[in-house]
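Just structure_36.txt here, compact mmCIF, C-alpha atoms and all ligand atoms:
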# COMPACT_ATOMS: atom_id res chain seq x y z
CA MET L 140 0.00 0.00 0.00
CA LYS L 141 1.38 3.46 -0.91
CA ARG L 142 2.22 5.30 2.31
CA VAL L 143 -0.56 7.75 3.12
CA SER L 144 -0.05 10.03 6.10
CA LEU L 145 -2.81 11.12 8.46
CA THR L 146 -2.65 14.65 7.03
CA GLN L 147 -2.96 13.45 3.43
CA HIS L 148 -5.87 11.19 4.43
CA LEU L 149 -7.71 14.04 6.12
CA VAL L 150 -7.16 16.40 3.17
CA GLU L 151 -8.41 13.72 0.75
CA GLU L 152 -11.45 12.99 2.97
CA GLN L 153 -12.28 16.71 2.96
CA ARG L 154 -11.99 16.75 -0.87
CA LEU L 155 -14.21 13.64 -1.15
CA HIS L 156 -16.84 14.25 1.50
CA ASN L 157 -16.46 17.89 2.54
CA SER L 158 -16.68 16.55 6.10
CA ILE L 159 -13.40 17.78 7.58
CA PRO L 160 -13.13 21.56 7.58
CA ALA L 161 -9.67 22.96 8.31
CA GLU L 162 -10.44 23.53 12.00
CA LEU L 163 -11.55 19.92 12.47
CA ARG L 164 -8.49 18.67 10.59
CA LEU L 165 -6.28 20.75 12.89
CA LEU L 166 -8.11 19.33 15.94
CA ILE L 167 -7.64 15.73 14.80
CA GLU L 168 -3.96 16.29 13.98
CA VAL L 169 -3.34 17.92 17.37
CA VAL L 170 -5.04 15.03 19.19
CA ALA L 171 -3.06 12.53 17.10
CA ARG L 172 0.18 14.33 17.99
CA ALA L 173 -0.79 14.26 21.68
CA CYS L 174 -1.39 10.49 21.41
CA LYS L 175 2.15 10.12 20.03
CA THR L 176 3.44 11.88 23.14
CA ILE L 177 1.30 9.69 25.40
CA SER L 178 2.56 6.59 23.57
CA HIS L 179 6.13 7.73 24.21
CA SER L 180 5.42 8.18 27.94
CA VAL L 181 3.58 4.85 28.22
CA GLY L 182 6.47 3.11 26.45
CA LYS L 183 9.00 4.25 29.05
CA GLY L 184 7.40 2.15 31.82
CA ALA L 185 9.54 1.87 34.91
CA LEU L 186 12.37 3.71 33.16
CA GLY L 187 10.38 6.90 33.21
CA ASP L 188 9.24 7.05 36.83
CA ILE L 189 5.68 7.17 35.50
CA LEU L 190 4.24 3.92 36.86
CA GLY L 191 2.19 3.48 39.99
CA SER L 192 -0.36 5.65 41.72
CA ALA L 193 -0.51 9.44 41.64
CA ASP L 194 -1.97 9.26 45.18
CA THR L 195 -4.96 11.30 43.98
CA GLU L 196 -8.55 10.41 43.10
CA ASN L 197 -10.59 11.44 40.05
CA ILE L 198 -14.24 12.48 39.96
CA GLN L 199 -15.16 8.81 39.74
CA GLY L 200 -13.51 8.21 43.12
CA GLU L 201 -10.92 6.05 41.37
CA VAL L 202 -7.28 6.25 42.42
CA GLN L 203 -5.44 7.94 39.57
CA LYS L 204 -2.31 6.41 38.09
CA LYS L 205 0.56 8.80 37.38
CA LEU L 206 0.02 8.15 33.68
CA ASP L 207 -3.69 9.07 33.96
CA VAL L 208 -2.67 12.52 35.18
CA ILE L 209 0.23 12.86 32.71
CA SER L 210 -1.96 11.84 29.75
CA ASN L 211 -4.68 14.27 30.78
CA GLU L 212 -2.16 17.12 30.99
CA ILE L 213 -0.69 16.21 27.58
CA LEU L 214 -4.12 16.46 25.93
CA LEU L 215 -5.05 19.70 27.70
CA GLU L 216 -1.76 21.44 26.86
CA ALA L 217 -1.74 20.24 23.25
CA ASN L 218 -5.25 21.47 22.55
CA GLU L 219 -5.80 24.72 24.42
CA TRP L 220 -3.78 27.19 22.27
CA GLY L 221 -4.80 26.15 18.72
CA GLY L 222 -8.01 28.18 18.46
CA HIS L 223 -10.03 25.17 17.30
CA LEU L 224 -11.74 24.40 20.64
CA ALA L 225 -14.24 26.12 22.90
CA ALA L 226 -13.82 23.66 25.76
CA MET L 227 -12.71 20.18 26.76
CA ALA L 228 -14.01 17.52 29.13
CA SER L 229 -12.17 14.55 30.57
CA GLU L 230 -12.84 11.47 32.67
CA GLU L 231 -10.09 12.77 34.94
CA MET L 232 -11.68 16.17 35.63
CA GLU L 233 -14.90 16.87 37.53
CA SER L 234 -15.98 19.87 35.48
CA ILE L 235 -15.41 21.04 31.93
CA HIS L 236 -12.18 22.82 30.96
CA PRO L 237 -12.94 26.05 29.09
CA ILE L 238 -10.20 27.37 26.80
CA PRO L 239 -8.16 29.96 28.78
CA ASN L 240 -9.03 33.59 27.92
CA ARG L 241 -5.53 34.21 26.53
CA TYR L 242 -6.34 31.90 23.61
CA PRO L 243 -8.99 32.27 20.85
CA MET L 244 -12.10 30.09 21.17
CA GLY L 245 -13.01 27.66 18.39
CA GLU L 246 -16.20 25.91 17.34
CA TYR L 247 -15.47 22.38 18.58
CA MET L 248 -15.61 20.64 21.94
CA LEU L 249 -13.30 17.72 22.74
CA LEU L 250 -14.09 14.99 25.25
CA PHE L 251 -11.69 12.24 26.20
CA ASP L 252 -10.70 9.40 28.45
CA PRO L 253 -6.98 10.18 28.39
CA LEU L 254 -5.80 6.72 29.40
CA ASP L 255 -8.45 4.02 29.42
CA GLY L 256 -7.63 0.71 31.06
CA SER L 257 -5.14 2.26 33.43
CA SER L 258 -5.38 -0.71 35.82
CA ASN L 259 -3.34 -2.48 33.11
CA ILE L 260 -0.53 0.09 32.98
CA ASP L 261 1.63 -1.47 35.71
CA VAL L 262 1.36 -4.95 34.20
CA ASN L 263 2.27 -3.97 30.63
CA VAL L 264 -1.10 -4.76 29.04
CA SER L 265 -2.47 -2.63 26.15
CA ILE L 266 -4.19 0.64 27.15
CA GLY L 267 -5.56 3.52 25.13
CA THR L 268 -6.89 7.04 24.67
CA ILE L 269 -10.53 7.54 23.60
CA PHE L 270 -11.81 10.85 22.19
CA SER L 271 -15.05 12.36 20.95
CA VAL L 272 -15.66 15.63 19.06
CA LEU L 273 -18.85 17.71 19.27
CA LYS L 274 -19.66 21.10 17.76
CA ALA L 275 -20.23 23.94 20.16
CA PRO L 276 -23.89 25.05 20.07
CA GLU L 277 -24.53 28.04 17.77
CA GLY L 278 -24.21 31.33 19.63
CA MET L 279 -22.75 29.65 22.71
CA GLY L 280 -21.30 32.12 25.23
CA ALA L 281 -19.04 30.90 27.98
CA PRO L 282 -19.11 27.08 27.67
CA THR L 283 -21.00 25.17 30.34
CA GLU L 284 -21.56 21.47 31.02
CA ALA L 285 -25.03 21.87 29.47
CA ASP L 286 -23.39 22.65 26.09
CA PHE L 287 -21.84 19.18 26.16
CA MET L 288 -25.20 17.45 26.71
CA GLN L 289 -25.60 16.32 23.10
CA ALA L 290 -26.55 12.82 21.94
CA GLY L 291 -23.75 10.69 20.48
CA SER L 292 -25.34 11.03 17.02
CA MET L 293 -24.18 14.66 17.10
CA GLN L 294 -20.49 13.69 17.17
CA VAL L 295 -18.54 14.97 14.15
CA ALA L 296 -15.56 12.72 14.84
CA ALA L 297 -14.50 9.95 17.21
CA GLY L 298 -11.41 7.86 17.66
CA TYR L 299 -9.00 6.04 19.89
CA ALA L 300 -5.30 5.33 20.14
CA VAL L 301 -4.29 1.88 21.36
CA TYR L 302 -0.85 1.57 22.98
CA GLY L 303 -0.02 -2.08 22.38
CA PRO L 304 2.68 -4.00 20.46
CA GLN L 305 2.04 -1.31 17.86
CA THR L 306 0.62 2.13 18.59
CA MET L 307 -2.42 2.59 16.37
CA LEU L 308 -4.94 5.36 15.82
CA VAL L 309 -8.49 4.46 14.74
CA LEU L 310 -10.58 7.35 13.45
CA THR L 311 -13.97 8.14 11.97
CA THR L 312 -15.37 11.46 10.78
CA GLY L 313 -18.64 9.89 9.65
CA ASN L 314 -17.49 8.26 6.42
CA GLY L 315 -16.15 4.92 7.58
CA VAL L 316 -13.36 3.87 9.93
CA ASN L 317 -9.66 4.08 9.10
CA CYS L 318 -6.64 2.90 11.06
CA PHE L 319 -3.15 4.43 11.22
CA THR L 320 0.00 2.83 12.60
CA LEU L 321 2.65 4.98 14.30
CA ASP L 322 5.96 4.86 12.44
CA ARG L 323 8.16 5.50 15.47
CA GLU L 324 11.30 6.18 13.41
CA MET L 325 9.59 8.87 11.35
CA GLY L 326 7.24 9.94 14.17
CA SER L 327 4.32 9.85 11.73
CA TRP L 328 0.93 8.16 11.50
CA VAL L 329 0.67 5.93 8.39
CA LEU L 330 -2.66 4.69 6.97
CA THR L 331 -2.59 0.89 7.35
CA GLN L 332 -6.28 -0.17 7.25
CA ARG L 333 -8.98 1.52 5.15
CA HIS L 334 -12.71 1.23 5.86
CA MET L 335 -12.55 -1.34 8.64
CA MET L 336 -15.70 -3.49 8.77
CA ILE L 337 -16.83 -5.68 11.67
CA PRO L 338 -17.92 -9.20 10.62
CA GLU L 339 -21.71 -9.48 11.19
CA ALA L 340 -21.44 -12.88 12.88
CA THR L 341 -18.82 -13.94 15.37
CA LYS L 342 -17.71 -16.65 17.73
CA GLU L 343 -16.08 -14.44 20.35
CA PHE L 344 -17.56 -12.56 23.29
CA ALA L 345 -16.05 -10.20 25.85
CA ILE L 346 -17.47 -9.73 29.35
CA ASN L 347 -16.13 -9.83 32.91
CA MET L 348 -17.51 -13.26 33.94
CA SER L 349 -16.74 -12.65 37.62
CA ASN L 350 -19.86 -10.48 37.76
CA GLN L 351 -22.14 -13.24 36.42
CA ARG L 352 -24.12 -13.74 39.63
CA HIS L 353 -25.11 -10.06 39.55
CA TRP L 354 -26.38 -9.88 35.95
CA HIS L 355 -30.01 -9.30 35.07
CA ALA L 356 -31.95 -12.12 33.36
CA PRO L 357 -31.48 -11.09 29.68
CA VAL L 358 -27.67 -11.07 30.07
CA GLN L 359 -27.74 -14.35 32.02
CA ARG L 360 -29.78 -15.93 29.20
CA TYR L 361 -27.60 -14.58 26.40
CA VAL L 362 -24.26 -15.53 27.99
CA ASN L 363 -25.48 -18.94 29.14
CA GLU L 364 -26.44 -19.72 25.54
CA LEU L 365 -22.93 -18.72 24.42
CA LEU L 366 -21.42 -20.97 27.11
CA ALA L 367 -23.67 -23.88 26.05
CA GLY L 368 -21.97 -23.68 22.65
CA SER L 369 -22.70 -26.43 20.10
CA THR L 370 -24.77 -28.33 22.68
CA GLY L 371 -27.14 -25.37 23.15
CA PRO L 372 -29.53 -23.20 21.10
CA ARG L 373 -26.68 -21.37 19.34
CA GLU L 374 -25.42 -24.70 17.95
CA LYS L 375 -21.82 -23.47 17.76
CA ASP L 376 -18.97 -23.02 20.21
CA PHE L 377 -17.83 -19.58 21.32
CA ASN L 378 -14.53 -18.22 22.62
CA MET L 379 -14.13 -15.60 25.37
CA ARG L 380 -11.71 -12.70 25.66
CA TRP L 381 -11.57 -9.98 28.38
CA ILE L 382 -8.57 -7.64 28.33
CA ALA L 383 -10.15 -5.16 30.76
CA SER L 384 -9.06 -2.36 28.45
CA MET L 385 -12.08 -1.30 26.42
CA VAL L 386 -9.84 0.11 23.68
CA ALA L 387 -8.02 -3.21 23.24
CA ASP L 388 -11.24 -5.25 23.30
CA VAL L 389 -12.92 -2.93 20.77
CA HIS L 390 -9.83 -3.00 18.52
CA ARG L 391 -9.95 -6.81 18.44
CA ILE L 392 -13.67 -6.70 17.60
CA LEU L 393 -13.09 -4.18 14.79
CA ASN L 394 -10.55 -6.58 13.30
CA ARG L 395 -12.20 -9.98 13.76
CA GLY L 396 -15.72 -9.47 15.09
CA GLY L 397 -17.16 -10.16 18.53
CA ILE L 398 -19.41 -8.61 21.13
CA PHE L 399 -18.23 -6.47 24.05
CA MET L 400 -20.53 -6.24 27.07
CA TYR L 401 -20.43 -4.18 30.25
CA PRO L 402 -24.01 -4.51 31.57
CA ALA L 403 -25.73 -2.89 34.49
CA ASP L 404 -26.29 -5.37 37.28
CA THR L 405 -28.18 -5.88 40.54
CA ARG L 406 -25.43 -4.48 42.78
CA ASP L 407 -26.15 -0.77 42.40
CA THR L 408 -29.21 0.43 40.48
CA SER L 409 -27.90 4.01 40.74
CA MET L 410 -24.85 2.96 38.72
CA PRO L 411 -26.03 1.54 35.35
CA GLY L 412 -22.81 -0.25 34.38
CA LYS L 413 -19.25 1.04 34.66
CA LEU L 414 -18.56 2.79 31.36
CA ARG L 415 -19.22 6.47 30.77
CA LEU L 416 -21.51 7.62 28.01
CA MET L 417 -19.89 10.85 26.83
CA TYR L 418 -16.25 9.84 26.37
CA GLU L 419 -16.26 6.03 26.24
CA ALA L 420 -19.58 4.60 24.98
CA ASN L 421 -20.45 7.39 22.51
CA PRO L 422 -17.13 7.52 20.62
CA MET L 423 -16.86 3.72 20.55
CA ALA L 424 -20.48 3.45 19.38
CA MET L 425 -19.83 5.87 16.50
CA ILE L 426 -16.75 3.91 15.46
CA VAL L 427 -18.51 0.54 15.71
CA GLU L 428 -21.57 1.72 13.73
CA GLN L 429 -19.36 3.31 11.08
CA ALA L 430 -17.69 -0.11 10.78
CA GLY L 431 -21.02 -1.87 10.20
CA GLY L 432 -21.58 -2.96 13.78
CA ALA L 433 -24.13 -1.95 16.42
CA ALA L 434 -24.10 -0.48 19.94
CA THR L 435 -26.96 -0.39 22.47
CA ASP L 436 -27.43 -0.06 26.21
CA GLY L 437 -29.48 -3.25 26.02
CA ARG L 438 -32.60 -1.44 24.89
CA THR L 439 -31.66 1.83 23.15
CA ARG L 440 -29.10 2.71 20.47
CA ILE L 441 -26.21 4.29 22.38
CA LEU L 442 -25.99 7.20 19.92
CA ASP L 443 -29.66 8.09 20.55
CA ILE L 444 -29.31 8.46 24.32
CA ALA L 445 -29.96 12.02 25.50
CA PRO L 446 -27.26 12.76 28.11
CA HIS L 447 -28.02 14.60 31.33
CA LYS L 448 -24.69 14.48 33.22
CA LEU L 449 -21.13 14.75 31.95
CA HIS L 450 -19.92 11.63 33.75
CA GLN L 451 -23.04 9.51 33.53
CA ARG L 452 -22.58 5.78 33.13
CA VAL L 453 -24.37 3.51 30.68
CA PRO L 454 -24.61 -0.24 30.07
CA VAL L 455 -22.78 -1.17 26.85
CA PHE L 456 -23.37 -3.95 24.31
CA LEU L 457 -21.40 -3.35 21.12
CA GLY L 458 -19.84 -5.19 18.19
CA SER L 459 -21.11 -7.64 15.56
CA LYS L 460 -24.57 -6.50 14.54
CA ALA L 461 -26.28 -9.92 14.78
CA GLU L 462 -25.08 -10.52 18.34
CA VAL L 463 -25.97 -7.05 19.59
CA ALA L 464 -29.43 -7.43 18.04
CA LEU L 465 -29.93 -10.80 19.79
CA VAL L 466 -28.95 -9.67 23.30
CA THR L 467 -30.98 -6.47 22.80
CA SER L 468 -34.02 -8.56 21.78
CA TYR L 469 -33.69 -10.55 25.03
CA HIS L 470 -33.94 -7.28 26.97
CA ALA L 471 -37.04 -6.30 24.98
CA GLU L 472 -38.66 -9.66 25.72
CA GLN L 473 -38.05 -9.10 29.43
CA CYS L 474 -40.55 -6.20 29.52
P1 LIG S 501 -13.41 -4.50 35.03
C1 LIG S 501 -11.00 0.13 32.36
O1 LIG S 501 -10.93 0.46 33.73
C2 LIG S 501 -12.47 0.12 31.96
O2 LIG S 501 -13.02 1.37 32.14
C3 LIG S 501 -12.60 -0.36 30.52
O3 LIG S 501 -11.54 0.00 29.73
C4 LIG S 501 -12.69 -1.88 30.68
O4 LIG S 501 -13.43 -2.49 29.64
C5 LIG S 501 -13.41 -2.03 32.02
O5 LIG S 501 -13.17 -0.83 32.76
C6 LIG S 501 -12.87 -3.19 32.81
O6 LIG S 501 -13.68 -3.31 33.97
O7 LIG S 501 -14.61 -4.43 35.96
O8 LIG S 501 -13.36 -5.78 34.25
O9 LIG S 501 -12.10 -4.18 35.68
What is this file in structure tokens?
Amino acid sequence: MKRVSLTQHLVEEQRLHNSIPAELRLLIEVVARACKTISHSVGKGALGDILGSADTENIQGEVQKKLDVISNEILLEANEWGGHLAAMASEEMESIHPIPNRYPMGEYMLLFDPLDGSSNIDVNVSIGTIFSVLKAPEGMGAPTEADFMQAGSMQVAAGYAVYGPQTMLVLTTGNGVNCFTLDREMGSWVLTQRHMMIPEATKEFAINMSNQRHWHAPVQRYVNELLAGSTGPREKDFNMRWIASMVADVHRILNRGGIFMYPADTRDTSMPGKLRLMYEANPMAMIVEQAGGAATDGRTRILDIAPHKLHQRVPVFLGSKAEVALVTSYHAEQC
């Protein structure tokens, strides 16, 4: 394949689909550059004094890893001076981050989970950065959290970087999903997979089985049928994978199919699942749908959910369309 850089790809996409105005291209390139910097930090491991806990907690009440804080700072500093953003929001920050007055305000809003899967950092398992781009409401004054309360279908771009054996960037601006691999020697993103498509059927599922006793009936039924394999109603055997890094699990599904599930359960009805809508479920749902897959909360299309809080959680079922449709139908049958 002729080497196509991220910049060339974005320029060509703009020419083809008129979907990436200059400001959005600048935003994507700045985020991609920040992910290169994060990849460099992640790659240092113990040699960089960046492992372990930061001895602080985030809004979620989770102990922050040093790299959570470092990655968040990298994304804030990379994006605040360019004039393409009005505000940012992050899993690691309680409230939104307006662009400082000393910089011009732009028309986009960037949301991100700066380092997803951080429990895997200290044991050298793949982690990633997830990001979502919304347009600032017309005539918006000083940005508020309310300006971010837009359904996932309003996203103009979404993507993730996965820091694994290779560092890869997966991106959609609404016309399919493309994947770039970081050429570390050149320091550039190179297009390596065009128009990724998720196989409609699959034989792989991803869920944290240790929570099984807490699941609601539709999830119990669906997973038990997978476990019954060729002896059960599905009449074929399934395989299970759970990396506990959403980015890594979604990347596998994009490449070879599968279904990823993080359901709500009976433990805490006030906490519908673990994953956050605005900067985990929404961007991943846009990517998965653009790749021919599906994403629901068990009943509703993720991208149709009207958000009400910046850090709200949502149950997630995403991946191969046929599997998501089946587990969603079991929820509908329940009531
Ligand atoms: P559990 C990582 O902490 C994360 O937010 C997702 O990346 C991942 O899919 C999930 O939580 C793992 O959760 O309960 O299996 O540790």
Considering all atoms listed in the file, give me a table of residues in chain L that are at most 6 Å from ligand LIG 501 (chain S), with the closest atom pair and distance in Å for each, as CSV.
residue,atom,partner,partner_atom,distance
L:Asp255,CA,S:LIG501,O3,5.1
L:Gly256,CA,S:LIG501,C1,3.7
L:Asn347,CA,S:LIG501,O8,5.1
L:Ala383,CA,S:LIG501,C6,3.9
L:Ser384,CA,S:LIG501,O3,3.7
L:Met385,CA,S:LIG501,O3,3.6
L:Leu414,CA,S:LIG501,O2,5.8
At a cut-off of 9 Å, using only C-alpha atoms, what residues contact L:Glu231? Leave out same-chain residues fewer than 4 positions from it and give the result as a ChimeraX atom specification.
/L:196-199,203,207-208,211,251-253
Suppose you want the space between atom CA of L:Asn378 and atom CA of L:Met348; what is it in Å?
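Pair atom CA of L:Asn378 / atom CA of L:Met348 returns 12.7 Å.
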Nearest residue to L:Arg452 from the set L:Thr439, L:Asn263, L:Ser409, L:Thr341 (distances using only C-alpha atoms)
L:Ser409
Point out the residue among L:Gly326, L:Gly280, L:Gly396, L:Pro446 with the least atom-to-atom distance to L:Ala340, counting all atoms listed in the file.
L:Gly396
Could you name the residues that touch L:Asp388 at 8 Å or less, counting all atoms listed in the file, but leaving out those on the same chain fewer than 5 positions away, as a PyMOL selection string?
chain L and resi 345+380-383+399
I want to know what sits within 10 Å of L:Thr195, based on all atoms listed in the file, with residues of the same chain fewer than 5 positions away left out; could you give that as JSON, numbers by chain?
{"L": [200, 201, 202, 203, 204, 205, 208]}
For L:Phe319, which residue out of L:Ala275, L:Ile235, L:Met335, L:Ala420 is the nearest one, using only C-alpha atoms?
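Selected residue with least distance to L:Phe319: L:Met335.
Interatomic distance, atom CA of L:Pro357 against atom CA of L:Met425: 24.4 Å.
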What is the distance, in Å and to one decimal place, between atom CA of L:Glu246 and atom CA of L:Val272?
10.4 Å
List as a tab-separated table (two decimals) with C-alpha atoms, in the coordinates of the input the protein and nucleic acid residues near L:Leu163, meaning an atom at most 10 Å away when all atoms listed in the file are counted, but skip any in the same chain fewer than 2 places from it.
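Saved as part_12.tsv:
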chain	number	residue	atom	x	y	z
L	149	LEU	CA	-7.71	14.04	6.12
L	158	SER	CA	-16.68	16.55	6.10
L	159	ILE	CA	-13.40	17.78	7.58
L	160	PRO	CA	-13.13	21.56	7.58
L	161	ALA	CA	-9.67	22.96	8.31
L	165	LEU	CA	-6.28	20.75	12.89
L	166	LEU	CA	-8.11	19.33	15.94
L	167	ILE	CA	-7.64	15.73	14.80
L	168	GLU	CA	-3.96	16.29	13.98
L	169	VAL	CA	-3.34	17.92	17.37
L	223	HIS	CA	-10.03	25.17	17.30
L	224	LEU	CA	-11.74	24.40	20.64
L	245	GLY	CA	-13.01	27.66	18.39
L	246	GLU	CA	-16.20	25.91	17.34
L	247	TYR	CA	-15.47	22.38	18.58
L	272	VAL	CA	-15.66	15.63	19.06
L	274	LYS	CA	-19.66	21.10	17.76
L	295	VAL	CA	-18.54	14.97	14.15
L	296	ALA	CA	-15.56	12.72	14.84
L	312	THR	CA	-15.37	11.46	10.78
Looking at L:Arg360, L:Tyr469, L:Glu462, L:Ser271, which one is nearest to L:Glu419, with distances taken over only C-alpha atoms?
L:Ser271
Would you mind telling me which residue in L:Ala171, L:Leu249, L:Leu449, L:Ile337 lies nearest to L:Thr306 when using all atoms listed in the file?
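Among L:Ala171, L:Leu249, L:Leu449, L:Ile337, it is L:Ala171 that comes nearest to L:Thr306.
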Counting only C-alpha atoms, write as a list in words all protein and nucleic acid residues lying at most 8 Å from (-6.0, 27.7, 21.2) in the file's frame.
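Protein, DNA and RNA residues close to (-6.0, 27.7, 21.2): Asn218, Glu219, Trp220, Gly221, Gly222, His223, Leu224, Ile238, Tyr242, Pro243, Met244 and Gly245 of chain L.
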Identify which of the residues L:Gln429, L:Asn240, L:Ser327, L:Ser257 lies closest to L:Lys460, counting all atoms listed in the file when measuring atom-to-atom distances.
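For L:Lys460, the nearest of the given residues is L:Gln429.
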10 Å contact set for stretch 282-287 of chain L, all atoms listed in the file, chain neighbours under 3 positions out, as a list in words:
Ala225, Ala226, Met227, Ala228, Ser234, Ile235, His236, Pro237, Ile238, Met248, Leu249, Leu250, Leu273, Lys274, Ala275, Pro276, Glu277, Met279, Ala290, Met417, Pro446, His447, Lys448 and Leu449 of chain L
Kindly output stretch 150-170 of chain L as a PDB file, in the coordinates of the input, after building N, CA and C atoms.
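Writing the result to out.pdb gives the following:
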ATOM      1  N   VAL L 150      -6.966  15.461   4.295  1.00  0.00           N
ATOM      2  CA  VAL L 150      -7.160  16.400   3.170  1.00  0.00           C
ATOM      3  C   VAL L 150      -7.991  15.718   2.070  1.00  0.00           C
ATOM      4  N   GLU L 151      -7.674  14.445   1.796  1.00  0.00           N
ATOM      5  CA  GLU L 151      -8.410  13.720   0.750  1.00  0.00           C
ATOM      6  C   GLU L 151      -9.858  13.471   1.170  1.00  0.00           C
ATOM      7  N   GLU L 152     -10.081  13.184   2.470  1.00  0.00           N
ATOM      8  CA  GLU L 152     -11.450  12.990   2.970  1.00  0.00           C
ATOM      9  C   GLU L 152     -12.248  14.282   2.804  1.00  0.00           C
ATOM     10  N   GLN L 153     -11.596  15.412   3.095  1.00  0.00           N
ATOM     11  CA  GLN L 153     -12.280  16.710   2.960  1.00  0.00           C
ATOM     12  C   GLN L 153     -12.660  16.923   1.485  1.00  0.00           C
ATOM     13  N   ARG L 154     -11.735  16.561   0.578  1.00  0.00           N
ATOM     14  CA  ARG L 154     -11.990  16.750  -0.870  1.00  0.00           C
ATOM     15  C   ARG L 154     -13.162  15.854  -1.301  1.00  0.00           C
ATOM     16  N   LEU L 155     -13.189  14.621  -0.756  1.00  0.00           N
ATOM     17  CA  LEU L 155     -14.210  13.640  -1.150  1.00  0.00           C
ATOM     18  C   LEU L 155     -15.574  13.927  -0.517  1.00  0.00           C
ATOM     19  N   HIS L 156     -15.559  14.223   0.770  1.00  0.00           N
ATOM     20  CA  HIS L 156     -16.840  14.250   1.500  1.00  0.00           C
ATOM     21  C   HIS L 156     -17.169  15.614   2.093  1.00  0.00           C
ATOM     22  N   ASN L 157     -16.231  16.557   1.964  1.00  0.00           N
ATOM     23  CA  ASN L 157     -16.460  17.890   2.540  1.00  0.00           C
ATOM     24  C   ASN L 157     -16.888  17.782   3.998  1.00  0.00           C
ATOM     25  N   SER L 158     -16.253  16.826   4.712  1.00  0.00           N
ATOM     26  CA  SER L 158     -16.680  16.550   6.100  1.00  0.00           C
ATOM     27  C   SER L 158     -15.612  16.928   7.119  1.00  0.00           C
ATOM     28  N   ILE L 159     -14.490  17.481   6.630  1.00  0.00           N
ATOM     29  CA  ILE L 159     -13.400  17.780   7.580  1.00  0.00           C
ATOM     30  C   ILE L 159     -12.872  19.185   7.305  1.00  0.00           C
ATOM     31  N   PRO L 160     -13.620  20.197   7.767  1.00  0.00           N
ATOM     32  CA  PRO L 160     -13.130  21.560   7.580  1.00  0.00           C
ATOM     33  C   PRO L 160     -11.749  21.740   8.227  1.00  0.00           C
ATOM     34  N   ALA L 161     -11.049  22.767   7.857  1.00  0.00           N
ATOM     35  CA  ALA L 161      -9.670  22.960   8.310  1.00  0.00           C
ATOM     36  C   ALA L 161      -9.546  22.899   9.834  1.00  0.00           C
ATOM     37  N   GLU L 162     -10.506  23.514  10.531  1.00  0.00           N
ATOM     38  CA  GLU L 162     -10.440  23.530  12.000  1.00  0.00           C
ATOM     39  C   GLU L 162     -10.546  22.121  12.567  1.00  0.00           C
ATOM     40  N   LEU L 163     -11.391  21.295  11.968  1.00  0.00           N
ATOM     41  CA  LEU L 163     -11.550  19.920  12.470  1.00  0.00           C
ATOM     42  C   LEU L 163     -10.297  19.115  12.133  1.00  0.00           C
ATOM     43  N   ARG L 164      -9.736  19.375  10.943  1.00  0.00           N
ATOM     44  CA  ARG L 164      -8.490  18.670  10.590  1.00  0.00           C
ATOM     45  C   ARG L 164      -7.384  19.044  11.585  1.00  0.00           C
ATOM     46  N   LEU L 165      -7.301  20.306  11.924  1.00  0.00           N
ATOM     47  CA  LEU L 165      -6.280  20.750  12.890  1.00  0.00           C
ATOM     48  C   LEU L 165      -6.510  20.042  14.226  1.00  0.00           C
ATOM     49  N   LEU L 166      -7.780  19.987  14.662  1.00  0.00           N
ATOM     50  CA  LEU L 166      -8.110  19.330  15.940  1.00  0.00           C
ATOM     51  C   LEU L 166      -7.647  17.876  15.927  1.00  0.00           C
ATOM     52  N   ILE L 167      -7.999  17.161  14.875  1.00  0.00           N
ATOM     53  CA  ILE L 167      -7.640  15.730  14.800  1.00  0.00           C
ATOM     54  C   ILE L 167      -6.120  15.558  14.797  1.00  0.00           C
ATOM     55  N   GLU L 168      -5.438  16.415  14.039  1.00  0.00           N
ATOM     56  CA  GLU L 168      -3.960  16.290  13.980  1.00  0.00           C
ATOM     57  C   GLU L 168      -3.320  16.613  15.320  1.00  0.00           C
ATOM     58  N   VAL L 169      -3.893  17.571  16.054  1.00  0.00           N
ATOM     59  CA  VAL L 169      -3.340  17.920  17.370  1.00  0.00           C
ATOM     60  C   VAL L 169      -3.560  16.764  18.345  1.00  0.00           C
ATOM     61  N   VAL L 170      -4.757  16.169  18.307  1.00  0.00           N
ATOM     62  CA  VAL L 170      -5.040  15.030  19.190  1.00  0.00           C
ATOM     63  C   VAL L 170      -4.123  13.858  18.839  1.00  0.00           C
TER      64      VAL L 170
END
